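Asks: Contents of start-v6.cif (mmCIF, C-alpha atoms) are below:
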data_coords
loop_
_atom_site.label_atom_id
_atom_site.label_comp_id
_atom_site.auth_asym_id
_atom_site.auth_seq_id
_atom_site.Cartn_x
_atom_site.Cartn_y
_atom_site.Cartn_z
CA MET U 1198 -1.06 -3.96 -7.24
CA ARG U 1199 0.86 -0.94 -5.91
CA VAL U 1200 4.37 -2.22 -5.22
CA PHE U 1201 6.77 0.00 -3.28
CA LEU U 1202 10.48 -0.69 -3.79
CA ASP U 1203 12.99 0.12 -1.06
CA THR U 1204 16.34 1.63 -2.07
CA ASN U 1205 18.28 -1.63 -1.75
CA VAL U 1206 15.87 -3.43 -4.11
CA LEU U 1207 16.07 -0.69 -6.74
CA VAL U 1208 19.88 -0.51 -6.49
CA SER U 1209 20.21 -4.26 -6.80
CA ALA U 1210 17.79 -4.39 -9.74
CA ILE U 1211 20.01 -2.00 -11.63
CA LEU U 1212 23.42 -3.28 -10.57
CA THR U 1213 23.42 -7.03 -9.98
CA ARG U 1214 22.38 -10.31 -11.57
CA GLY U 1215 20.07 -11.27 -8.72
CA LEU U 1216 16.33 -11.70 -8.32
CA CYS U 1217 15.69 -7.96 -7.95
CA ARG U 1218 16.22 -7.42 -11.67
CA ASP U 1219 13.37 -9.81 -12.46
CA LEU U 1220 11.31 -8.23 -9.72
CA LEU U 1221 11.68 -4.72 -11.18
CA ARG U 1222 10.78 -6.00 -14.63
CA SER U 1223 7.72 -7.70 -13.20
CA ALA U 1224 6.77 -4.55 -11.27
CA LEU U 1225 7.08 -2.47 -14.45
CA GLU U 1226 5.14 -4.93 -16.57
CA ASP U 1227 2.39 -6.16 -14.29
CA HIS U 1228 2.03 -3.74 -11.39
CA GLN U 1229 2.33 -0.10 -10.45
CA ALA U 1230 5.89 0.29 -9.18
CA LEU U 1231 6.39 3.02 -6.56
CA VAL U 1232 9.44 4.65 -5.02
CA SER U 1233 9.78 7.84 -2.97
CA LYS U 1234 11.96 10.88 -3.62
CA LEU U 1235 14.27 9.81 -0.78
CA VAL U 1236 14.71 6.41 -2.46
CA VAL U 1237 15.73 8.21 -5.67
CA ASP U 1238 18.17 10.42 -3.72
CA GLU U 1239 19.71 7.35 -2.11
CA LEU U 1240 19.94 5.58 -5.49
CA VAL U 1241 21.78 8.57 -6.98
CA LYS U 1242 24.15 8.69 -4.01
CA VAL U 1243 25.00 4.99 -4.31
CA LEU U 1244 25.52 5.14 -8.08
CA ARG U 1245 27.59 8.31 -7.96
CA ASP U 1246 29.60 7.87 -4.76
CA LYS U 1247 29.98 4.09 -4.39
CA ILE U 1248 30.02 2.86 -7.97
CA GLY U 1249 31.44 5.95 -9.69
CA VAL U 1250 28.79 6.15 -12.41
CA SER U 1251 29.26 9.07 -14.83
CA GLU U 1252 26.70 11.89 -14.92
CA LEU U 1253 25.66 10.80 -18.42
CA GLU U 1254 24.98 7.22 -17.31
CA LEU U 1255 23.26 8.54 -14.22
CA ASP U 1256 20.84 10.62 -16.30
CA LYS U 1257 20.13 7.59 -18.46
CA THR U 1258 19.57 5.39 -15.41
CA LEU U 1259 17.06 7.82 -13.96
CA MET U 1260 15.00 7.49 -17.14
CA ILE U 1261 13.99 4.05 -15.82
CA LEU U 1262 11.92 5.96 -13.28
CA ASP U 1263 9.65 7.25 -16.07
CA GLY U 1264 7.91 3.88 -15.71
CA VAL U 1265 7.67 4.23 -11.94
CA GLU U 1266 5.49 6.46 -9.77
CA VAL U 1267 7.81 8.63 -7.68
CA VAL U 1268 5.90 9.73 -4.60
CA ASN U 1269 6.59 12.59 -2.23
CA ASP U 1270 8.16 12.10 1.16
CA GLN U 1271 6.02 13.15 4.09
CA GLY U 1272 6.91 16.19 6.17
CA GLY U 1273 8.86 15.65 9.39
CA VAL U 1274 10.48 12.48 10.57
CA PRO U 1275 7.93 9.86 11.59
CA GLN U 1276 8.99 7.67 14.49
CA THR U 1277 7.88 4.27 13.36
CA ALA U 1278 8.72 1.74 16.00
CA GLY U 1279 11.89 -0.18 15.33
CA LEU U 1280 12.87 1.59 12.08
CA GLU U 1281 15.92 3.72 11.38
CA PRO U 1282 15.00 7.39 10.69
CA ASN U 1283 15.54 7.19 6.90
CA ASP U 1284 13.71 3.87 6.72
CA ALA U 1285 10.83 5.40 8.66
CA VAL U 1286 10.61 8.32 6.21
CA ILE U 1287 10.58 5.93 3.24
CA PHE U 1288 8.04 3.69 4.90
CA ALA U 1289 5.79 6.67 5.69
CA ALA U 1290 5.88 7.66 2.00
CA ALA U 1291 4.86 4.13 0.99
CA LEU U 1292 2.01 4.23 3.46
CA ALA U 1293 0.78 7.64 2.29
CA ALA U 1294 0.96 6.43 -1.32
CA GLU U 1295 -1.29 3.51 -0.36
CA ALA U 1296 1.20 0.85 -1.39
CA ASP U 1297 -0.16 -2.68 -1.17
CA VAL U 1298 3.23 -4.19 -0.52
CA PHE U 1299 6.63 -2.85 0.59
CA ILE U 1300 9.57 -4.83 -0.77
CA THR U 1301 12.93 -4.61 0.95
CA GLY U 1302 16.12 -6.58 1.47
CA ASP U 1303 16.73 -4.77 4.76
CA GLN U 1304 16.67 -7.39 7.51
CA GLY U 1305 15.96 -4.72 10.11
CA ILE U 1306 12.71 -3.71 8.38
CA LEU U 1307 11.76 -7.31 7.61
CA ALA U 1308 12.20 -8.19 11.27
CA GLU U 1309 9.66 -5.49 12.18
CA SER U 1310 7.22 -6.48 9.43
CA HIS U 1311 4.63 -7.93 11.83
CA ARG U 1312 4.29 -4.52 13.49
CA LEU U 1313 4.05 -2.49 10.30
CA PRO U 1314 0.76 -1.50 8.65
CA ILE U 1315 1.74 -2.54 5.10
CA ASP U 1316 2.57 -6.02 3.89
CA VAL U 1317 6.41 -6.00 4.09
CA VAL U 1318 8.19 -8.77 2.18
CA SER U 1319 11.61 -9.72 0.84
CA PRO U 1320 12.13 -9.81 -2.96
CA ARG U 1321 12.14 -13.61 -2.85
CA ARG U 1322 8.88 -13.78 -0.92
CA PHE U 1323 7.23 -11.35 -3.35
CA MET U 1324 8.32 -13.36 -6.38
CA GLU U 1325 7.16 -16.59 -4.75
CA ARG U 1326 3.79 -15.10 -3.97
CA THR U 1327 3.17 -13.52 -7.35
CA SER U 1328 4.07 -16.76 -9.08
CA GLN U 1329 1.09 -18.38 -7.29
CA PRO U 1330 -2.24 -17.36 -8.78
CA ASP U 1331 -4.05 -17.09 -5.44
CA ALA U 1332 -1.29 -15.21 -3.68
CA TYR U 1333 -2.98 -11.83 -3.84
CA PRO U 1334 -6.64 -12.58 -4.41
CA ILE U 1335 -8.05 -9.91 -6.66
CA PRO U 1336 -11.28 -11.19 -8.22
CA THR U 1337 -11.81 -11.02 -11.94
CA ASP U 1338 -14.92 -9.86 -13.75
CA HIS U 1339 -15.57 -13.44 -14.80
CA GLU U 1340 -16.48 -14.47 -11.30
CA ASP U 1341 -20.06 -15.01 -10.33
CA ASP U 1342 -21.50 -11.66 -9.30
CA SER U 1343 -24.88 -12.99 -8.35
CA LYS U 1344 -24.11 -13.43 -4.68
CA VAL U 1345 -23.09 -9.87 -3.86
CA SER U 1346 -26.20 -9.38 -1.79
CA GLU U 1347 -24.96 -12.11 0.56
CA PHE U 1348 -22.18 -9.84 1.74
CA SER U 1349 -23.85 -7.73 4.31
CA THR U 1350 -21.71 -4.96 5.75
CA ASP U 1351 -24.15 -4.23 8.58
CA ALA U 1352 -22.09 -5.60 11.46
CA ILE U 1353 -18.72 -4.23 10.45
CA GLY U 1354 -20.25 -1.04 9.02
CA GLU U 1355 -21.82 -0.26 12.37
CA GLN U 1356 -18.52 -0.80 14.17
CA ALA U 1357 -16.72 1.41 11.68
CA PHE U 1358 -19.34 4.16 12.09
CA GLU U 1359 -19.01 4.12 15.87
CA PHE U 1360 -15.25 4.15 15.50
CA ALA U 1361 -15.40 7.12 13.11
CA LEU U 1362 -17.56 8.96 15.60
CA SER U 1363 -15.05 8.33 18.35
CA ILE U 1364 -12.21 9.48 16.08
CA VAL U 1365 -14.06 12.72 15.25
CA LYS U 1366 -14.45 13.44 18.94
CA LEU U 1367 -10.86 12.48 19.70
CA CYS U 1368 -9.48 14.66 16.91
CA ARG U 1369 -11.52 17.64 18.10
CA THR U 1370 -10.01 17.25 21.53
CA LEU U 1371 -6.52 16.76 20.12
CA GLU U 1372 -6.83 19.76 17.81
CA GLU U 1373 -7.64 21.96 20.77
CA ARG U 1374 -4.30 21.06 22.29
CA SER U 1375 -2.00 20.50 19.35
CA ARG U 1376 -1.65 21.71 15.78
CA ASP U 1377 0.24 18.58 14.77
CA VAL U 1378 -0.66 17.66 11.17
CA THR U 1379 -0.89 13.99 12.21
CA VAL U 1380 -4.23 14.73 13.90
CA ARG U 1381 -5.74 15.80 10.59
CA ARG U 1382 -4.40 12.68 8.89
CA LEU U 1383 -5.88 10.54 11.64
CA LEU U 1384 -9.26 12.22 11.16
CA LEU U 1385 -9.20 11.62 7.40
CA ALA U 1386 -8.15 7.97 7.65
CA GLY U 1387 -10.33 7.15 10.66
CA THR U 1388 -13.51 8.45 9.05
CA SER U 1389 -12.74 6.89 5.65
CA ILE U 1390 -13.00 3.30 6.92
CA GLY U 1391 -16.75 3.46 7.40
CA ALA U 1392 -17.25 5.54 4.26
CA ASN U 1393 -15.62 2.81 2.16
CA ILE U 1394 -17.66 0.10 3.87
CA GLU U 1395 -20.81 2.13 3.16
CA GLU U 1396 -19.81 2.28 -0.51
CA ALA U 1397 -19.14 -1.48 -0.46
CA SER U 1398 -22.67 -2.09 0.78
CA ALA U 1399 -23.92 -0.63 -2.50
CA ALA U 1400 -21.35 -2.48 -4.64
CA GLU U 1401 -22.25 -3.15 -8.25
CA SER U 1402 -20.27 -6.38 -8.45
CA ARG U 1403 -18.22 -8.75 -6.35
CA ARG U 1404 -15.06 -7.13 -7.61
CA ASP U 1405 -16.37 -3.70 -6.66
CA PHE U 1406 -17.28 -4.99 -3.20
CA THR U 1407 -13.83 -6.47 -2.61
CA LEU U 1408 -12.04 -3.37 -3.81
CA LYS U 1409 -14.10 -1.10 -1.56
CA MET U 1410 -13.54 -3.36 1.43
CA ALA U 1411 -9.81 -3.48 0.59
CA MET U 1412 -9.80 0.33 0.62
CA ALA U 1413 -11.50 0.25 4.02
CA SER U 1414 -8.84 -2.19 5.22
CA LYS U 1415 -6.07 0.13 4.04
CA GLU U 1416 -7.68 3.10 5.76
CA ALA U 1417 -7.94 1.07 8.97
CA ARG U 1418 -4.24 0.27 8.76
CA GLU U 1419 -3.44 3.92 8.12
CA THR U 1420 -5.58 4.92 11.09
CA ASN U 1421 -3.68 2.49 13.28
CA TYR U 1422 -0.42 3.94 11.98
CA TRP U 1423 -1.34 7.55 12.83
CA LEU U 1424 -2.61 6.47 16.24
CA ARG U 1425 0.68 4.70 16.97
CA LEU U 1426 2.59 7.71 15.76
CA LEU U 1427 0.57 10.07 17.97
CA ASN U 1428 0.90 7.70 20.90
CA GLN U 1429 4.64 7.22 20.65
CA SER U 1430 5.49 10.79 19.77
CA ALA U 1431 3.41 11.87 22.78
CA VAL U 1432 1.86 14.86 20.98
CA VAL U 1433 -0.79 15.04 23.69
CA PRO U 1434 0.61 12.79 26.43
CA GLU U 1435 -2.38 13.24 28.76
CA ILE U 1436 -4.76 11.49 26.34
CA ASP U 1437 -4.67 7.70 26.43
CA LEU U 1438 -4.95 6.29 22.89
CA GLU U 1439 -4.73 2.59 23.79
CA SER U 1440 -8.47 1.91 23.44
CA TYR U 1441 -8.50 3.55 19.99
CA LEU U 1442 -5.51 1.45 18.97
CA GLU U 1443 -7.30 -1.71 20.07
CA LYS U 1444 -10.44 -0.82 18.14
CA SER U 1445 -8.44 -0.03 15.00
CA LEU U 1446 -6.73 -3.44 15.25
CA GLU U 1447 -10.12 -5.09 15.63
CA LEU U 1448 -11.33 -3.39 12.44
CA ILE U 1449 -8.15 -4.38 10.60
CA ARG U 1450 -8.70 -8.01 11.61
CA LEU U 1451 -12.33 -8.02 10.46
CA LEU U 1452 -11.64 -6.22 7.20
CA THR U 1453 -8.60 -8.33 6.36
CA ALA U 1454 -10.66 -11.48 6.87
CA THR U 1455 -13.42 -10.11 4.65
CA VAL U 1456 -11.08 -9.13 1.84
CA LYS U 1457 -9.10 -12.35 2.06
CA ASN U 1458 -12.18 -14.55 1.94
CA ASN U 1459 -14.44 -12.65 -0.38
CA PRO U 1460 -13.18 -13.81 -3.80
CA ARG U 1461 -14.21 -17.34 -2.88
CA PRO U 1462 -17.97 -17.22 -2.29
CA HIS U 1463 -18.21 -20.83 -1.16
CA VAL U 1464 -15.73 -20.11 1.59
CA VAL U 1465 -16.91 -16.63 2.51
CA SER U 1466 -20.53 -17.30 3.33
CA ARG U 1467 -19.70 -20.16 5.64
CA ASP U 1468 -16.61 -18.64 7.27
CA LEU U 1469 -18.01 -15.18 7.88
CA GLU U 1470 -21.22 -16.51 9.33
CA ALA U 1471 -19.26 -18.86 11.55
CA ALA U 1472 -16.97 -16.03 12.59
CA TYR U 1473 -19.89 -13.76 13.47
CA ARG U 1474 -21.54 -16.59 15.42
CA GLU U 1475 -18.31 -17.18 17.26
CA MET U 1476 -17.94 -13.48 18.05
CA ALA U 1477 -21.53 -13.24 19.25
CA GLY U 1478 -20.95 -16.32 21.40
CA ASP U 1479 -18.04 -14.70 23.19
CA GLU U 1480 -19.90 -12.95 26.01
CA VAL U 1481 -16.95 -11.04 27.38
CA ARG U 1482 -16.10 -9.63 23.99
CA GLU U 1483 -19.72 -8.81 23.23
CA ALA U 1484 -20.09 -7.03 26.55
CA GLU U 1485 -16.96 -5.00 25.85
CA ALA U 1486 -18.23 -4.11 22.40
CA ASP U 1487 -21.61 -3.04 23.82
CA GLU U 1488 -19.99 -0.97 26.50
CA TRP U 1489 -17.76 0.69 23.95
CA ALA U 1490 -20.60 1.38 21.56
CA GLU U 1491 -22.92 2.67 24.29
CA GLY U 1492 -20.25 4.98 25.61
CA LEU U 1493 -19.94 6.67 22.26
CA ILE U 1494 -23.58 7.39 21.57
CA GLY U 1495 -24.26 11.09 21.34
CA ASP U 1496 -24.61 13.92 18.89
CA VAL U 1497 -21.30 15.16 17.53
CA ALA U 1498 -22.85 18.60 17.11
CA ASP U 1499 -23.40 18.80 20.89
CA ASP U 1500 -19.71 18.45 21.64
CA THR U 1501 -17.86 21.52 22.82
CA ARG U 1502 -14.89 22.48 20.71
CA MET M 16 5.99 20.12 -25.03
CA SER M 17 3.88 17.35 -26.49
CA ASN M 18 4.34 15.39 -29.68
CA THR M 19 1.79 13.65 -31.84
CA ILE M 20 2.66 10.50 -33.71
CA THR M 21 0.50 8.28 -35.85
CA ILE M 22 0.87 4.52 -35.59
CA ARG M 23 -0.82 1.69 -37.45
CA LEU M 24 -2.45 -1.10 -35.45
CA ASP M 25 -3.82 -4.35 -36.82
CA ASP M 26 -7.48 -5.10 -36.06
CA LYS M 27 -6.70 -7.50 -33.26
CA LEU M 28 -4.47 -5.07 -31.41
CA ALA M 29 -6.91 -2.19 -32.00
CA LYS M 30 -9.75 -4.26 -30.51
CA LYS M 31 -7.64 -5.10 -27.47
CA LEU M 32 -6.86 -1.41 -27.02
CA ASP M 33 -10.57 -0.53 -27.24
CA HIS M 34 -11.37 -3.20 -24.68
CA VAL M 35 -8.71 -2.12 -22.18
CA ALA M 36 -9.57 1.57 -22.54
CA GLU M 37 -13.26 0.89 -21.99
CA HIS M 38 -12.64 -1.53 -19.15
CA THR M 39 -10.33 0.83 -17.25
CA GLY M 40 -12.16 4.05 -18.11
CA ARG M 41 -9.05 5.60 -19.62
CA THR M 42 -8.51 7.12 -23.03
CA LYS M 43 -6.76 5.04 -25.67
CA SER M 44 -3.94 7.59 -25.72
CA ASP M 45 -3.49 7.18 -22.00
CA VAL M 46 -3.35 3.38 -22.25
CA ILE M 47 -0.75 3.64 -25.02
CA ARG M 48 1.34 6.20 -23.12
CA ASP M 49 1.29 4.01 -20.00
CA ALA M 50 2.29 0.88 -21.93
CA LEU M 51 5.03 2.78 -23.73
CA ARG M 52 6.42 4.26 -20.51
CA ARG M 53 6.61 0.80 -18.96
CA GLN M 54 8.20 -0.85 -21.98
CA LEU M 55 10.73 1.95 -22.46
CA ALA M 56 11.66 1.77 -18.77
CA ILE M 57 12.37 -1.96 -19.18
CA ALA M 58 14.41 -1.34 -22.34
CA ILE M 59 16.43 1.37 -20.60
CA LEU M 60 16.93 -0.90 -17.58
CA ASP M 61 18.43 -3.56 -19.85
CA GLU M 62 20.60 -0.97 -21.59
CA VAL M 63 22.04 0.67 -18.48
CA ARG M 64 22.65 -2.69 -16.83
CA GLU M 65 25.10 -3.55 -19.61
CA GLU M 66 27.24 -0.61 -18.47
CA LEU M 67 26.60 -0.64 -14.75
CA VAL M 68 26.71 -4.34 -13.78
CA PRO M 69 30.46 -4.58 -14.61
CA LEU M 70 31.09 -1.43 -12.52
CA ALA M 71 29.20 -2.96 -9.60
CA GLU M 72 31.22 -6.16 -9.93
CA LYS M 73 34.43 -4.17 -9.68
CA HIS M 74 33.01 -2.81 -6.43
CA GLY M 75 32.45 -6.41 -5.25
CA TRP M 76 28.69 -6.46 -5.74
CA TYR M 77 27.55 -9.58 -7.61
CA THR M 78 24.26 -10.55 -6.03
CA ASP M 79 21.28 -9.02 -4.25
CA GLU M 80 22.78 -10.09 -0.92
CA ASP M 81 25.97 -8.10 -1.62
CA VAL M 82 23.84 -4.97 -2.06
CA PHE M 83 21.56 -5.70 0.90
CA ARG M 84 24.65 -6.00 3.11
CA ASP M 85 25.81 -2.48 2.21
CA VAL M 86 22.63 -0.56 1.36
CA SER M 87 19.75 -0.26 3.84
#
Reformat the file's structure so that it appears as structure tokens.

Replies:
Amino acid sequence: MRVFLDTNVLVSAILTRGLCRDLLRSALEDHQALVSKLVVDELVKVLRDKIGVSELELDKTLMILDGVEVVNDQGGVPQTAGLEPNDAVIFAAALAAEADVFITGDQGILAESHRLPIDVVSPRRFMERTSQPDAYPIPTDHEDDSKVSEFSTDAIGEQAFEFALSIVKLCRTLEERSRDVTVRRLLLAGTSIGANIEEASAAESRRDFTLKMAMASKEARETNYWLRLLNQSAVVPEIDLESYLEKSLELIRLLTATVKNNPRPHVVSRDLEAAYREMAGDEVREAEADEWAEGLIGDVADDTR
Amino acid sequence: MSNTITIRLDDKLAKKLDHVAEHTGRTKSDVIRDALRRQLAIAILDEVREELVPLAEKHGWYTDEDVFRDVS
């Protein structure tokens, strides 16, 4: 798992006798630990200015990061709802680095966790979860692979394709009016959801299927993030992005359910079928989906640029 | 600059290395480098903590919560 550590967690892991020390050890041993360059800068500042660590000790301390992936910060200052500017920059780096989980002791970030596109948890919550075998269900190769064909991606794949098509059109329109780099990122993430689902449909094993669908889920979350960023930063204020945001949330919900349920075949088959039946039974929702899908049919090549 | 070192592995460890390299599609050297980086990072963490924890305590930081209160 790709585990991003916020500055306060890294600082505490190095300086105190708390849980964060065990967490960093666990991240180094069992996961891929991630921090961003801004996190490293903040760590250096705390050690040097607050604790008075010598330059020699500082150099030695930074050698710990040889076991950690230090990722680049993203250009500009993203305006993630509810986060302080520096927190938003760090969070954007975690998102771009495709972190599976963002660990922080910052109550402000934890309070916004339900609105953020990565799983945001406290050190205690992370340790509790990883001590339970089913906390983060990643299937092993020992699981029964014989039922892969049961996992049809037709329904969700179709939705993701239509969504990608709408994103291509949207990005063309946006690019005509703005050169904001976020548009390009939206295009990449928005079209990758369906591509990953397509790959999942040809999965060689259950594990392969789950991983591909998990990638699709991450791309859906990233798409939602860029849409929110574009919406709130009002890059092109005259274009209403609400419907795109809703569709991205719908895809996130479907993909999350698929990934969460898939490692347990006896649960998946029944639950997914039931869920699809329930969705099909909801006439209002079905009508909306039809209307949305119908409205998007067309040849991308015919669009004016 | 790169360095080459030769290490001896018993059969059991060598088989595990073969298995992990094949399973993850990485070279054996890469698996060893990754494992070494992680283990050295943990060893260095333990070493620097011996020096830095007392400094943090002088600053009044004893637990995670003390740090979380002051560092965002």

Asks: Which chain M residues are at most 7 Å from chain U (counting only C-alpha atoms), as a PDB file with C-alpha atoms, in the frame of the given file?

Replies:
ATOM      1  CA  ARG M  52       6.420   4.260 -20.510  1.00  0.00           C
ATOM      2  CA  ARG M  53       6.610   0.800 -18.960  1.00  0.00           C
ATOM      3  CA  ALA M  56      11.660   1.770 -18.770  1.00  0.00           C
ATOM      4  CA  ILE M  57      12.370  -1.960 -19.180  1.00  0.00           C
ATOM      5  CA  ILE M  59      16.430   1.370 -20.600  1.00  0.00           C
ATOM      6  CA  LEU M  60      16.930  -0.900 -17.580  1.00  0.00           C
ATOM      7  CA  VAL M  63      22.040   0.670 -18.480  1.00  0.00           C
ATOM      8  CA  ARG M  64      22.650  -2.690 -16.830  1.00  0.00           C
ATOM      9  CA  LEU M  67      26.600  -0.640 -14.750  1.00  0.00           C
ATOM     10  CA  VAL M  68      26.710  -4.340 -13.780  1.00  0.00           C
ATOM     11  CA  LEU M  70      31.090  -1.430 -12.520  1.00  0.00           C
ATOM     12  CA  ALA M  71      29.200  -2.960  -9.600  1.00  0.00           C
ATOM     13  CA  HIS M  74      33.010  -2.810  -6.430  1.00  0.00           C
ATOM     14  CA  TRP M  76      28.690  -6.460  -5.740  1.00  0.00           C
ATOM     15  CA  TYR M  77      27.550  -9.580  -7.610  1.00  0.00           C
ATOM     16  CA  THR M  78      24.260 -10.550  -6.030  1.00  0.00           C
ATOM     17  CA  ASP M  79      21.280  -9.020  -4.250  1.00  0.00           C
ATOM     18  CA  VAL M  82      23.840  -4.970  -2.060  1.00  0.00           C
ATOM     19  CA  PHE M  83      21.560  -5.700   0.900  1.00  0.00           C
ATOM     20  CA  VAL M  86      22.630  -0.560   1.360  1.00  0.00           C
ATOM     21  CA  SER M  87      19.750  -0.260   3.840  1.00  0.00           C
TER      22      SER M  87
END

Asks: I need the output of the PyMOL selection byres ((chain U and resi 1357) around 8) for this file as a list of chain:residue names; which residues are they?

Replies: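 For this structure, the PyMOL selection byres ((chain U and resi 1357) around 8) captures U:Ile1353, U:Gly1354, U:Glu1355, U:Gln1356, U:Phe1358, U:Glu1359, U:Phe1360, U:Ala1361, U:Ile1390, U:Gly1391, U:Ile1394, U:Leu1448.
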
Asks: Take the residues just selected and output them with C-alpha atoms as a short mmCIF file (atom, residue, chain, number, x, y, z; two decimals), in the frame of the given file.

Replies:
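The resulting file, out-v1.cif, is shown below:
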data_model
loop_
_atom_site.label_atom_id
_atom_site.label_comp_id
_atom_site.auth_asym_id
_atom_site.auth_seq_id
_atom_site.Cartn_x
_atom_site.Cartn_y
_atom_site.Cartn_z
CA ILE U 1353 -18.72 -4.23 10.45
CA GLY U 1354 -20.25 -1.04 9.02
CA GLU U 1355 -21.82 -0.26 12.37
CA GLN U 1356 -18.52 -0.80 14.17
CA PHE U 1358 -19.34 4.16 12.09
CA GLU U 1359 -19.01 4.12 15.87
CA PHE U 1360 -15.25 4.15 15.50
CA ALA U 1361 -15.40 7.12 13.11
CA ILE U 1390 -13.00 3.30 6.92
CA GLY U 1391 -16.75 3.46 7.40
CA ILE U 1394 -17.66 0.10 3.87
CA LEU U 1448 -11.33 -3.39 12.44
#

Asks: Quick one: of U:Pro1282, U:Gly1387, U:Gly1478, U:Pro1434, who's nearest to Ile1364 of chain U, counting only C-alpha atoms?

Replies: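 That would be U:Gly1387, the residue with the smallest distance to Ile1364 of chain U.
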
Asks: If I take atom CA of Glu1439 of chain U and atom CA of Asp1297 of chain U, how far is one from the other in Å, to one decimal?

Replies: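 Interatomic distance here is 25.9 Å.
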
Asks: Could you work out how far atom CA of Leu1220 of chain U lies from atom CA of Ala58 of chain M, giving the answer in Å with one decimal?

Replies: 14.7 Å

Asks: Running the PyMOL selection byres ((chain U and resi 1417-1427) around 9) on this model by hand, what would come out? Give it as number ranges by chain.

Replies: U: 1275-1278, 1292-1293, 1295, 1313-1315, 1379-1380, 1382-1390, 1412-1416, 1428-1434, 1438-1439, 1441-1446, 1448-1449, 1452

Asks: What does the structure give for the distance between atom CA of Met1410 of chain U and atom CA of Ala1397 of chain U, in Å to one decimal?

Replies: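 Value for the atom CA of Met1410 of chain U-atom CA of Ala1397 of chain U distance: 6.2 Å.
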